[in-house]
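Everything below belongs to structure_28.pdb, which stores PDB, C-alpha atoms.
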ATOM      1  CA  MET A  24       0.000   0.000   0.000
ATOM      2  CA  ASN A  25       1.533   3.326  -1.020
ATOM      3  CA  LYS A  26       1.773   6.423   1.179
ATOM      4  CA  GLN A  27      -1.249   8.183  -0.324
ATOM      5  CA  THR A  28      -3.496   5.132   0.118
ATOM      6  CA  LYS A  29      -2.252   4.563   3.661
ATOM      7  CA  GLN A  30      -2.961   8.189   4.578
ATOM      8  CA  LEU A  31      -6.471   7.907   3.162
ATOM      9  CA  LEU A  32      -6.980   4.634   5.048
ATOM     10  CA  ASN A  33      -5.999   6.318   8.337
ATOM     11  CA  GLU A  34      -8.321   9.260   7.611
ATOM     12  CA  ASN A  35     -11.155   6.840   6.880
ATOM     13  CA  ASN A  36     -10.529   4.948  10.123
ATOM     14  CA  THR A  37     -10.768   8.229  12.053
ATOM     15  CA  LEU A  38     -13.899   9.286  10.174
ATOM     16  CA  ALA A  39     -15.598   5.923  10.787
ATOM     17  CA  LYS A  40     -15.279   6.447  14.562
ATOM     18  CA  GLN A  41     -18.004   9.100  14.293
ATOM     19  CA  LEU A  42     -20.542   6.484  13.202
ATOM     20  CA  LYS A  43     -23.179   4.968  15.432
ATOM     21  CA  GLU A  44     -23.260   1.201  16.060
ATOM     22  CA  ASN A  45     -25.969   0.438  13.441
ATOM     23  CA  TYR A  46     -24.017   2.338  10.782
ATOM     24  CA  SER A  47     -20.672   0.792  11.760
ATOM     25  CA  SER A  48     -21.824  -2.756  11.139
ATOM     26  CA  VAL A  49     -23.313  -1.814   7.744
ATOM     27  CA  LEU A  50     -20.135   0.049   6.781
ATOM     28  CA  THR A  51     -18.001  -2.946   7.837
ATOM     29  CA  ASP A  52     -19.998  -5.262   5.545
ATOM     30  CA  ILE A  53     -19.755  -2.765   2.685
ATOM     31  CA  VAL A  54     -15.992  -2.274   3.127
ATOM     32  CA  VAL A  55     -15.377  -6.033   3.390
ATOM     33  CA  TYR A  56     -17.348  -6.559   0.171
ATOM     34  CA  ILE A  57     -15.454  -3.763  -1.600
ATOM     35  CA  ARG A  58     -12.136  -5.373  -0.572
ATOM     36  CA  SER A  59     -12.947  -8.336  -2.836
ATOM     37  CA  ALA A  60     -13.554  -6.090  -5.846
ATOM     38  CA  ASN A  61     -11.370  -5.901  -8.893
ATOM     39  CA  ILE A  62     -10.320  -2.299  -8.192
ATOM     40  CA  SER A  63      -7.115  -0.774  -6.828
ATOM     41  CA  GLU A  64      -6.582  -0.342  -3.082
ATOM     42  CA  TYR A  65      -6.547   3.418  -3.613
ATOM     43  CA  GLN A  66      -9.955   3.326  -5.330
ATOM     44  CA  GLN A  67     -11.247   1.162  -2.469
ATOM     45  CA  GLU A  68     -10.253   3.849   0.015
ATOM     46  CA  VAL A  69     -11.689   6.682  -2.123
ATOM     47  CA  VAL A  70     -15.065   4.915  -2.246
ATOM     48  CA  ARG A  71     -14.830   4.058   1.445
ATOM     49  CA  ARG A  72     -14.263   7.744   2.250
ATOM     50  CA  ASP A  73     -17.309   8.833   0.204
ATOM     51  CA  ILE A  74     -19.591   6.200   1.725
ATOM     52  CA  THR A  75     -18.358   6.919   5.266
ATOM     53  CA  GLN A  76     -19.015  10.624   4.760
ATOM     54  CA  ILE A  77     -22.530   9.923   3.501
ATOM     55  CA  MET A  78     -23.102   7.773   6.588
ATOM     56  CA  VAL A  79     -21.634  10.305   9.040
ATOM     57  CA  ASP A  80     -24.012  12.920   7.597
ATOM     58  CA  GLY A  81     -26.866  10.414   7.933
ATOM     59  CA  THR A  82     -25.928   9.678  11.552
ATOM     60  CA  ARG A  83     -26.098  13.399  12.357
ATOM     61  CA  ARG A  84     -29.531  13.722  10.768
ATOM     62  CA  GLY A  85     -30.751  10.630  12.612
ATOM     63  CA  ASP A  86     -31.563   8.725   9.392
ATOM     64  CA  SER A  87     -31.333   4.930   9.260
ATOM     65  CA  PRO A  88     -28.735   3.199   7.006
ATOM     66  CA  GLU A  89     -31.610   1.741   4.918
ATOM     67  CA  ASN A  90     -32.972   5.243   4.267
ATOM     68  CA  ILE A  91     -29.624   6.429   3.008
ATOM     69  CA  ILE A  92     -28.146   3.445   1.194
ATOM     70  CA  GLY A  93     -31.347   1.661   0.225
ATOM     71  CA  GLU A  94     -32.708  -1.735   1.234
ATOM     72  CA  ASP A  95     -30.160  -3.870  -0.614
ATOM     73  CA  TYR A  96     -26.563  -3.049   0.353
ATOM     74  CA  LYS A  97     -25.106  -5.555  -2.096
ATOM     75  CA  VAL A  98     -26.921  -3.970  -5.051
ATOM     76  CA  PHE A  99     -25.627  -0.578  -3.895
ATOM     77  CA  CYS A 100     -22.047  -1.899  -3.761
ATOM     78  CA  ASP A 101     -22.364  -3.563  -7.179
ATOM     79  CA  ASN A 102     -23.679  -0.303  -8.676
ATOM     80  CA  VAL A 103     -20.777   1.631  -7.167
ATOM     81  CA  LEU A 104     -18.157  -0.919  -8.212
ATOM     82  CA  GLY A 105     -19.611  -0.969 -11.733
ATOM     83  CA  GLU A 106     -18.604   2.672 -12.135
ATOM     84  CA  LEU A 107     -14.981   2.265 -11.042
ATOM     85  CA  PRO A 108     -11.985   1.432 -13.266
ATOM     86  CA  LYS A 109     -10.965  -2.226 -13.059
ATOM     87  CA  ILE A 110      -7.371  -3.183 -12.369
ATOM     88  CA  LYS A 111      -5.327  -4.872 -15.119
ATOM     89  CA  THR A 112      -4.276  -8.534 -15.032
ATOM     90  CA  THR A 113      -0.633  -7.539 -14.429
ATOM     91  CA  HIS A 114      -1.732  -5.540 -11.381
ATOM     92  CA  LYS A 115      -3.643  -8.591 -10.118
ATOM     93  CA  ILE A 116      -0.606 -10.837 -10.602
ATOM     94  CA  ILE A 117       1.655  -8.379  -8.761
ATOM     95  CA  THR A 118      -0.884  -8.167  -5.911
ATOM     96  CA  PHE A 119      -0.909 -11.990  -5.712
ATOM     97  CA  VAL A 120       2.905 -12.106  -5.642
ATOM     98  CA  ARG A 121       2.991  -9.438  -2.907
ATOM     99  CA  THR A 122       0.504 -11.370  -0.749
ATOM    100  CA  ALA A 123       2.222 -14.700  -1.452
ATOM    101  CA  PHE A 124       5.642 -13.310  -0.463
ATOM    102  CA  CYS A 125       4.225 -11.860   2.747
ATOM    103  CA  CYS A 126       2.475 -15.174   3.603
ATOM    104  CA  LEU A 127       5.634 -17.122   2.764
ATOM    105  CA  ALA A 128       7.698 -14.912   5.091
ATOM    106  CA  LEU A 129       5.148 -15.522   7.838
ATOM    107  CA  LEU A 130       5.064 -19.310   7.276
ATOM    108  CA  ILE A 131       8.862 -19.524   7.310
ATOM    109  CA  THR A 132       8.938 -17.544  10.567
ATOM    110  CA  ILE A 133       6.340 -19.885  12.121
ATOM    111  CA  ARG A 134       8.391 -22.888  10.975
ATOM    112  CA  PHE A 135      11.479 -21.267  12.497
ATOM    113  CA  CYS A 136       9.636 -20.891  15.816
ATOM    114  CA  PHE A 137       8.696 -24.588  15.785
ATOM    115  CA  VAL A 138      12.333 -25.551  15.249
ATOM    116  CA  LEU A 139      13.263 -23.304  18.190
ATOM    117  CA  ILE A 140      10.692 -25.134  20.333
ATOM    118  CA  ASP A 141      12.243 -28.444  19.217
ATOM    119  CA  LEU A 142      15.628 -27.024  20.223
ATOM    120  CA  PHE A 143      14.414 -26.517  23.794
ATOM    121  CA  LEU A 144      12.905 -30.010  23.811
ATOM    122  CA  GLY A 145      16.233 -31.439  22.731
ATOM    123  CA  GLU A 146      14.880 -33.067  19.547
ATOM    124  CA  THR A 147      16.551 -30.937  16.959
ATOM    125  CA  THR A 148      18.677 -30.824  13.844
ATOM    126  CA  TRP A 149      19.746 -27.240  14.703
ATOM    127  CA  PRO A 150      21.173 -25.206  12.963
ATOM    128  CA  TYR A 151      19.838 -27.115   9.947
ATOM    129  CA  PHE A 152      16.169 -27.174   8.997
ATOM    130  CA  PRO A 153      14.890 -30.313   7.292
ATOM    131  CA  VAL A 154      12.443 -29.521   4.481
ATOM    132  CA  THR A 155       9.974 -32.319   3.719
ATOM    133  CA  THR A 156       7.700 -32.930   0.720
ATOM    134  CA  GLY A 157       4.821 -32.163   3.090
ATOM    135  CA  ASP A 158       6.337 -28.769   3.948
ATOM    136  CA  LEU A 159       6.573 -27.755   0.282
ATOM    137  CA  ILE A 160       3.055 -28.937  -0.578
ATOM    138  CA  ASN A 161       1.632 -27.303   2.547
ATOM    139  CA  ILE A 162       3.275 -23.952   1.835
ATOM    140  CA  GLY A 163       1.715 -23.762  -1.652
ATOM    141  CA  LEU A 164      -1.613 -25.081  -0.425
ATOM    142  CA  ILE A 165      -1.852 -22.752   2.584
ATOM    143  CA  ILE A 166      -0.956 -19.634   0.559
ATOM    144  CA  CYS A 167      -3.448 -20.392  -2.248
ATOM    145  CA  PHE A 168      -6.161 -21.459   0.202
ATOM    146  CA  SER A 169      -5.693 -18.343   2.393
ATOM    147  CA  ILE A 170      -5.979 -15.967  -0.552
ATOM    148  CA  ALA A 171      -9.028 -17.791  -1.948
ATOM    149  CA  TRP A 172     -10.628 -18.050   1.513
ATOM    150  CA  VAL A 173     -10.301 -14.318   2.248
ATOM    151  CA  GLN A 174     -11.698 -13.561  -1.219
ATOM    152  CA  ALA A 175     -14.707 -15.847  -0.562
ATOM    153  CA  LEU A 176     -15.224 -14.292   2.885
ATOM    154  CA  CYS A 177     -15.295 -10.770   1.378
ATOM    155  CA  LYS A 178     -17.543 -11.762  -1.529
ATOM    156  CA  ASN A 179     -20.061 -13.204   0.959
ATOM    157  CA  ALA A 180     -20.054 -10.207   3.323
ATOM    158  CA  PHE A 181     -23.836  -9.831   2.898
ATOM    159  CA  ASN A 182     -24.552 -13.546   2.930
ATOM    160  CA  ALA A 183     -24.544 -14.711   6.556
ATOM    161  CA  SER A 184     -25.609 -18.235   5.545
ATOM    162  CA  SER A 185     -22.208 -18.828   3.936
ATOM    163  CA  ASN A 186     -20.376 -18.490   7.284
ATOM    164  CA  ASN A 187     -20.794 -22.166   8.218
ATOM    165  CA  LYS A 188     -19.449 -23.311   4.845
ATOM    166  CA  LEU A 189     -16.442 -21.014   5.239
ATOM    167  CA  ILE A 190     -15.700 -22.316   8.747
ATOM    168  CA  LEU A 191     -16.091 -25.910   7.538
ATOM    169  CA  SER A 192     -13.693 -25.329   4.650
ATOM    170  CA  LEU A 193     -11.168 -23.899   7.109
ATOM    171  CA  VAL A 194     -11.408 -26.970   9.351
ATOM    172  CA  VAL A 195     -11.072 -29.309   6.347
ATOM    173  CA  MET A 196      -8.025 -27.383   5.143
ATOM    174  CA  MET A 197      -6.402 -27.643   8.595
ATOM    175  CA  LEU A 198      -7.012 -31.398   8.702
ATOM    176  CA  VAL A 199      -5.630 -31.857   5.172
ATOM    177  CA  SER A 200      -2.567 -29.835   6.140
ATOM    178  CA  ILE A 201      -1.979 -31.939   9.282
ATOM    179  CA  PHE A 202      -2.315 -35.197   7.303
ATOM    180  CA  ILE A 203       0.078 -33.969   4.620
ATOM    181  CA  ASN A 204       2.652 -33.132   7.280
ATOM    182  CA  LEU A 205       2.160 -36.489   9.029
ATOM    183  CA  PHE A 206       2.401 -38.688   5.947
ATOM    184  CA  LEU A 207       4.779 -36.783   3.686
ATOM    185  CA  ASN A 208       7.489 -36.323   6.280
ATOM    186  CA  LYS A 209      10.544 -37.480   4.366
ATOM    187  CA  ALA A 210      13.231 -34.761   4.352
ATOM    188  CA  LEU A 211      14.128 -33.681   0.806
ATOM    189  CA  PHE A 212      16.934 -31.339   1.816
ATOM    190  CA  THR A 213      18.129 -29.227   4.732
ATOM    191  CA  VAL A 214      18.584 -25.468   4.970
ATOM    192  CA  HIS A 215      20.814 -23.582   7.383
ATOM    193  CA  GLY A 216      18.937 -21.547  10.049
ATOM    194  CA  VAL A 217      20.594 -18.288   8.976
ATOM    195  CA  VAL A 218      19.439 -18.830   5.383
ATOM    196  CA  VAL A 219      15.908 -19.499   6.656
ATOM    197  CA  ILE A 220      15.631 -16.325   8.709
ATOM    198  CA  VAL A 221      17.351 -14.171   6.043
ATOM    199  CA  SER A 222      14.940 -15.583   3.409
ATOM    200  CA  ALA A 223      11.923 -14.698   5.555
ATOM    201  CA  PHE A 224      13.285 -11.190   6.065
ATOM    202  CA  VAL A 225      14.042 -10.669   2.356
ATOM    203  CA  LEU A 226      10.601 -11.952   1.308
ATOM    204  CA  PHE A 227       8.938  -9.623   3.785
ATOM    205  CA  ILE A 228      10.968  -6.618   2.583
ATOM    206  CA  VAL A 229      10.259  -7.437  -1.087
ATOM    207  CA  SER A 230       6.515  -7.709  -0.340
ATOM    208  CA  LYS A 231       6.652  -4.303   1.393
ATOM    209  CA  LEU A 232       8.570  -2.766  -1.533
ATOM    210  CA  ILE A 233       6.028  -4.116  -4.031
ATOM    211  CA  ASP A 234       3.317  -2.674  -1.802
ATOM    212  CA  GLN A 235       4.828   0.806  -1.609
ATOM    213  CA  ARG A 236       6.537   1.228  -4.969
ATOM    214  CA  VAL A 237       4.697  -0.917  -7.499
ATOM    215  CA  LEU A 238       1.052  -1.125  -6.393
ATOM    216  CA  LEU A 239      -0.410   2.361  -6.755
TER     217      LEU A 239
ATOM    218  CA  MET B  18     -44.425   7.482  -6.743
ATOM    219  CA  ILE B  19     -42.520   7.101 -10.011
ATOM    220  CA  PRO B  20     -41.568   3.443 -10.721
ATOM    221  CA  SER B  21     -37.810   2.914 -10.365
ATOM    222  CA  GLN B  22     -37.459   1.428 -13.869
ATOM    223  CA  MET B  23     -39.031   4.577 -15.355
ATOM    224  CA  LEU B  24     -36.830   6.759 -13.169
ATOM    225  CA  LYS B  25     -33.587   5.014 -14.090
ATOM    226  CA  GLY B  26     -33.228   6.442 -17.580
ATOM    227  CA  THR B  27     -33.933  10.009 -16.584
ATOM    228  CA  LEU B  28     -32.325  10.328 -13.157
ATOM    229  CA  GLU B  29     -28.840  11.009 -14.512
ATOM    230  CA  GLY B  30     -30.111  13.958 -16.574
ATOM    231  CA  CYS B  31     -32.187  15.245 -13.663
ATOM    232  CA  ILE B  32     -29.123  15.158 -11.397
ATOM    233  CA  LEU B  33     -27.203  17.164 -14.013
ATOM    234  CA  ALA B  34     -30.046  19.694 -14.080
ATOM    235  CA  ILE B  35     -29.969  20.063 -10.270
ATOM    236  CA  ILE B  36     -26.183  20.442 -10.228
ATOM    237  CA  SER B  37     -26.462  23.077 -13.005
ATOM    238  CA  LYS B  38     -28.402  25.318 -10.588
ATOM    239  CA  LYS B  39     -25.582  25.477  -8.041
ATOM    240  CA  GLU B  40     -22.697  23.506  -6.565
ATOM    241  CA  THR B  41     -24.277  20.833  -4.392
ATOM    242  CA  TYR B  42     -23.794  17.496  -2.563
ATOM    243  CA  GLY B  43     -25.485  14.085  -2.518
ATOM    244  CA  TYR B  44     -28.057  14.614   0.234
ATOM    245  CA  GLU B  45     -29.072  18.020  -1.149
ATOM    246  CA  ILE B  46     -29.614  16.434  -4.581
ATOM    247  CA  SER B  47     -31.823  13.789  -2.946
ATOM    248  CA  GLU B  48     -33.829  16.520  -1.166
ATOM    249  CA  GLU B  49     -34.198  18.546  -4.362
ATOM    250  CA  LEU B  50     -35.483  15.507  -6.253
ATOM    251  CA  ASN B  51     -38.003  14.913  -3.481
ATOM    252  CA  LYS B  52     -39.094  18.567  -3.675
ATOM    253  CA  TYR B  53     -39.740  18.230  -7.417
ATOM    254  CA  GLY B  54     -41.978  15.205  -6.841
ATOM    255  CA  PHE B  55     -39.595  12.331  -7.565
ATOM    256  CA  GLY B  56     -40.286  10.864  -4.126
ATOM    257  CA  LYS B  57     -37.555   9.760  -1.744
ATOM    258  CA  VAL B  58     -34.485   8.872  -3.824
ATOM    259  CA  ALA B  59     -31.856   7.381  -1.497
ATOM    260  CA  GLU B  60     -28.298   8.695  -1.594
ATOM    261  CA  GLY B  61     -27.349   5.098  -2.306
ATOM    262  CA  THR B  62     -29.104   5.480  -5.671
ATOM    263  CA  ILE B  63     -27.558   8.855  -6.398
ATOM    264  CA  TYR B  64     -23.937   8.115  -5.440
ATOM    265  CA  PRO B  65     -23.213   5.547  -8.233
ATOM    266  CA  LEU B  66     -24.693   7.981 -10.769
ATOM    267  CA  LEU B  67     -22.482  10.768  -9.438
ATOM    268  CA  LEU B  68     -19.498   8.437  -9.800
ATOM    269  CA  ARG B  69     -20.475   7.766 -13.422
ATOM    270  CA  LEU B  70     -20.936  11.464 -14.184
ATOM    271  CA  GLU B  71     -17.574  12.203 -12.569
ATOM    272  CA  LYS B  72     -15.949   9.395 -14.569
ATOM    273  CA  ASN B  73     -17.422  10.837 -17.793
ATOM    274  CA  LYS B  74     -16.110  14.272 -16.744
ATOM    275  CA  SER B  75     -19.639  15.717 -16.784
ATOM    276  CA  ILE B  76     -19.204  16.909 -13.214
ATOM    277  CA  SER B  77     -16.222  17.707 -11.007
ATOM    278  CA  ALA B  78     -15.977  17.240  -7.256
ATOM    279  CA  VAL B  79     -14.260  19.180  -4.493
ATOM    280  CA  PHE B  80     -14.138  18.620  -0.752
ATOM    281  CA  ARG B  81     -15.450  21.469   1.357
ATOM    282  CA  GLN B  82     -15.853  21.742   5.094
ATOM    283  CA  SER B  83     -19.552  21.469   5.934
ATOM    284  CA  GLU B  84     -21.192  23.669   8.556
ATOM    285  CA  VAL B  85     -21.718  20.600  10.728
ATOM    286  CA  GLY B  86     -19.587  17.493  10.631
ATOM    287  CA  PRO B  87     -16.822  16.334   8.300
ATOM    288  CA  LYS B  88     -15.828  17.567   4.847
ATOM    289  CA  ARG B  89     -18.403  17.020   2.142
ATOM    290  CA  LYS B  90     -17.996  16.261  -1.535
ATOM    291  CA  TYR B  91     -19.528  19.096  -3.565
ATOM    292  CA  TYR B  92     -20.269  18.602  -7.243
ATOM    293  CA  SER B  93     -20.380  21.193 -10.024
ATOM    294  CA  LEU B  94     -21.111  20.981 -13.740
ATOM    295  CA  THR B  95     -18.246  20.986 -16.250
ATOM    296  CA  ASP B  96     -18.426  22.114 -19.900
ATOM    297  CA  VAL B  97     -18.883  18.458 -20.891
ATOM    298  CA  GLY B  98     -21.736  18.257 -18.377
ATOM    299  CA  LYS B  99     -23.408  21.372 -19.821
ATOM    300  CA  LYS B 100     -23.410  19.775 -23.294
ATOM    301  CA  GLU B 101     -24.654  16.523 -21.775
ATOM    302  CA  LEU B 102     -27.500  18.380 -20.072
ATOM    303  CA  LEU B 103     -28.514  20.058 -23.359
ATOM    304  CA  THR B 104     -28.577  16.664 -25.091
ATOM    305  CA  PHE B 105     -30.697  15.260 -22.235
ATOM    306  CA  GLU B 106     -33.145  18.182 -22.451
ATOM    307  CA  GLU B 107     -33.575  17.670 -26.208
ATOM    308  CA  SER B 108     -33.946  13.893 -25.900
ATOM    309  CA  TYR B 109     -36.388  14.181 -23.019
ATOM    310  CA  ALA B 110     -38.516  16.779 -24.841
ATOM    311  CA  GLU B 111     -38.661  14.413 -27.831
ATOM    312  CA  LEU B 112     -39.642  11.451 -25.622
ATOM    313  CA  SER B 113     -42.146  13.481 -23.647
ATOM    314  CA  ASN B 114     -43.802  14.777 -26.855
ATOM    315  CA  ALA B 115     -43.940  11.297 -28.316
ATOM    316  CA  VAL B 116     -45.470   9.738 -25.173
ATOM    317  CA  SER B 117     -47.964  12.612 -24.782
ATOM    318  CA  LYS B 118     -49.000  12.326 -28.433
ATOM    319  CA  LEU B 119     -49.435   8.562 -28.148
ATOM    320  CA  LEU B 120     -51.486   8.795 -24.966
ATOM    321  CA  ARG B 121     -53.646  11.571 -26.456
ATOM    322  CA  GLU B 122     -54.355   9.541 -29.570
ATOM    323  CA  THR B 123     -55.027   6.297 -27.680
ATOM    324  CA  GLY B 124     -57.495   8.089 -25.451
ATOM    325  CA  GLY B 125     -55.415   8.588 -22.306
ATOM    326  CA  HIS B 126     -57.739   6.195 -20.404
ATOM    327  CA  SER B 127     -56.221   6.565 -16.952
ATOM    328  CA  ILE B 128     -56.205  10.378 -17.238
ATOM    329  CA  GLU B 129     -59.884  10.373 -18.230
ATOM    330  CA  GLN B 130     -60.724   7.997 -15.359
ATOM    331  CA  THR B 131     -58.916  10.244 -12.897
ATOM    332  CA  ASN B 132     -60.854  13.244 -14.153
TER     333      ASN B 132
END
Show this structure as structure tokens.
Amino acid sequence: MNKQTKQLLNENNTLAKQLKENYSSVLTDIVVYIRSANISEYQQEVVRRDITQIMVDGTRRGDSPENIIGEDYKVFCDNVLGELPKIKTTHKIITFVRTAFCCLALLITIRFCFVLIDLFLGETTWPYFPVTTGDLINIGLIICFSIAWVQALCKNAFNASSNNKLILSLVVMMLVSIFINLFLNKALFTVHGVVVIVSAFVLFIVSKLIDQRVLL
Amino acid sequence: MIPSQMLKGTLEGCILAIISKKETYGYEISEELNKYGFGKVAEGTIYPLLLRLEKNKSISAVFRQSEVGPKRKYYSLTDVGKKELLTFEESYAELSNAVSKLLRETGGHSIEQTN
């Protein structure tokens, strides 16, 4: 996220604090839905600012969210999103890479923590990290699943009945991940601890650079 | 109450006409429409149209401090918008004449019943 978008995001967060409870929950659903849209993060914040301002005005007048937005919030969002410029495929790919790098850095750090725990328990290969087939499959699976899951969650912001399906899919994914780690536990290669932590750091920095310099 | 389907095609032009009077904001446009007999048109209906008009460069927006509360987005008509409004006025006059003529010639049943 670049500086301009971040500044707008902070302004929007401050503005949203002026909303009453009934407006806040509606705005949250609207913002979550907008997050799944095929528009830039900057455009998301611009729209969020406009809608929040409309709602703050409505709060002051004592109007209800339905009176201001209309009965169907999803239709409202779709009408708004229909008027905004869509991001290009290259932008989408870069966004995916940014998120994947950030997730990868996080997963490597978690893995590093587990090896540290093993170190204290005395069952360790320190300073070398064994990488199994299960680890590699799980990394790809977890990153793709997380991105798809968040997308599905946002797309269903107005559909409360989808919550159970989303929770179920999360549980299934966790079980699949555990089984993969249990059964595909043959070490393919080992990596030195320093390389692991430097890799996580580099991936995190690259994801931040993409965020600030490339994604506008 | 004007049916929403009937309103859809004309609302954009009507919003341009309201903005042509003076620089204004979403809620004021909604109130003006209500005053002219359009019924309650939610800001949620107006905002996407304002976005479209802004995208087409028919209107421009600036943020101004409101008397109460946070900054508001005020819209004003651009030169493109003025031309757009003229086109709308001509098209609407044509449509209105055609519909009036048709209803006159087919008897205007509902109007007669009302009278």
Contact residues (chain A, partner chain B, 6 Å, only C-alpha atoms) as a list of chain:residue names:
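Applying the cut-off to the listed atoms yields A:Ile91, A:Ile92, A:Gly93, A:Asn102, A:Val103, A:Glu106.
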Could you tell me, as a PyMOL selection string, exactly which residues end up selected when the PyMOL selection byres ((chain A and resi 25) around 12) is applied to this structure?
chain A and resi 24+26-32+63-65+68+231-239
Shell around Cys177 in chain A at 8 Å using all atoms listed in the file, local window under 5 positions removed, as a list in words
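Listing them by chain and then by number gives Val55, Tyr56, Ile57, Arg58 and Ser59 of chain A.
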In Å, with one decimal, what is the gap from CA of Phe80 in chain B to CA of Gly56 in chain B?
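Answer for the CA of Phe80 in chain B to CA of Gly56 in chain B separation: 27.5 Å.
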Just say which residues the PyMOL selection byres ((chain A and resi 222) around 12) picks in this file, as a PyMOL selection string.
chain A and resi 124-125+127-132+135+214-221+223-229
Taking the file above as input, evaluate the PyMOL selection byres ((chain A and resi 38) around 8) and report the hits as a VMD selection string.
(chain A and resid 34 to 37 39 to 42 75 to 76 79) or (chain B and resid 87)
Measuring between only C-alpha atoms, which one of A:Ala175, A:Leu139, A:Cys126, A:Ile53 shows the shortest distance to Ile162 in chain A?
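Between A:Ala175, A:Leu139, A:Cys126, A:Ile53, the residue approaching Ile162 in chain A most closely is A:Cys126.
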Which residues are near Thr41 in chain B? Cut-off 9 Å, only C-alpha atoms, ignore same chain within fewer than 4 positions. Put them as a ChimeraX atom specification.
/B:35-36,45-46,90-93
At what distance in Å, to one decimal, does CA of Phe152 in chain A lie from CA of Phe212 in chain A?
8.3 Å
Please report as a tab-separated table every residue of range 152-171 of chain A lying within 12 Å of range 110-123 of chain A, along with the nearest atom pair and their distance in Å (one decimal), using only C-alpha atoms.
residue	atom	partner	partner_atom	distance
A:Ile162	CA	A:Ala123	CA	9.9
A:Gly163	CA	A:Ala123	CA	9.1
A:Leu164	CA	A:Ala123	CA	11.1
A:Ile165	CA	A:Ala123	CA	9.9
A:Ile166	CA	A:Ala123	CA	6.2
A:Cys167	CA	A:Ala123	CA	8.1
A:Phe168	CA	A:Ala123	CA	10.9
A:Ser169	CA	A:Ala123	CA	9.5
A:Ile170	CA	A:Thr122	CA	7.9
A:Ala171	CA	A:Phe119	CA	10.7
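For the pair CA of Gly30 in chain B and CA of Thr123 in chain B, the interatomic distance is 28.3 Å.
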Spatial neighbours of range 197-202 of chain A, 9 Å, all atoms listed in the file, chain gap at least 5 places, as a list in words:
Gly157, Ile160, Asn161, Leu164, Ile165, Ser192 and Leu207 of chain A
Deliver the residues from the most recent selection as a file, using C-alpha atoms, as a PDB file, in the coordinates of the input.
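Output (result.pdb):
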ATOM      1  CA  GLY A 157       4.821 -32.163   3.090  1.00  0.00           C
ATOM      2  CA  ILE A 160       3.055 -28.937  -0.578  1.00  0.00           C
ATOM      3  CA  ASN A 161       1.632 -27.303   2.547  1.00  0.00           C
ATOM      4  CA  LEU A 164      -1.613 -25.081  -0.425  1.00  0.00           C
ATOM      5  CA  ILE A 165      -1.852 -22.752   2.584  1.00  0.00           C
ATOM      6  CA  SER A 192     -13.693 -25.329   4.650  1.00  0.00           C
ATOM      7  CA  LEU A 207       4.779 -36.783   3.686  1.00  0.00           C
TER       8      LEU A 207
END
Who sits within 12 Å of range 100-116 of chain B, only C-alpha atoms, same chain under 2 positions skipped, as a CSV table (one decimal) with C-alpha atoms, in the frame of the given file:
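What ended up in selection-v3.csv:
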chain,number,residue,atom,x,y,z
B,26,GLY,CA,-33.2,6.4,-17.6
B,27,THR,CA,-33.9,10.0,-16.6
B,28,LEU,CA,-32.3,10.3,-13.2
B,29,GLU,CA,-28.8,11.0,-14.5
B,30,GLY,CA,-30.1,14.0,-16.6
B,31,CYS,CA,-32.2,15.2,-13.7
B,32,ILE,CA,-29.1,15.2,-11.4
B,33,LEU,CA,-27.2,17.2,-14.0
B,34,ALA,CA,-30.0,19.7,-14.1
B,35,ILE,CA,-30.0,20.1,-10.3
B,36,ILE,CA,-26.2,20.4,-10.2
B,37,SER,CA,-26.5,23.1,-13.0
B,38,LYS,CA,-28.4,25.3,-10.6
B,70,LEU,CA,-20.9,11.5,-14.2
B,73,ASN,CA,-17.4,10.8,-17.8
B,74,LYS,CA,-16.1,14.3,-16.7
B,75,SER,CA,-19.6,15.7,-16.8
B,76,ILE,CA,-19.2,16.9,-13.2
B,94,LEU,CA,-21.1,21.0,-13.7
B,95,THR,CA,-18.2,21.0,-16.2
B,96,ASP,CA,-18.4,22.1,-19.9
B,97,VAL,CA,-18.9,18.5,-20.9
B,98,GLY,CA,-21.7,18.3,-18.4
B,118,LYS,CA,-49.0,12.3,-28.4
B,119,LEU,CA,-49.4,8.6,-28.1
B,120,LEU,CA,-51.5,8.8,-25.0
B,121,ARG,CA,-53.6,11.6,-26.5
B,122,GLU,CA,-54.4,9.5,-29.6
B,123,THR,CA,-55.0,6.3,-27.7
B,125,GLY,CA,-55.4,8.6,-22.3
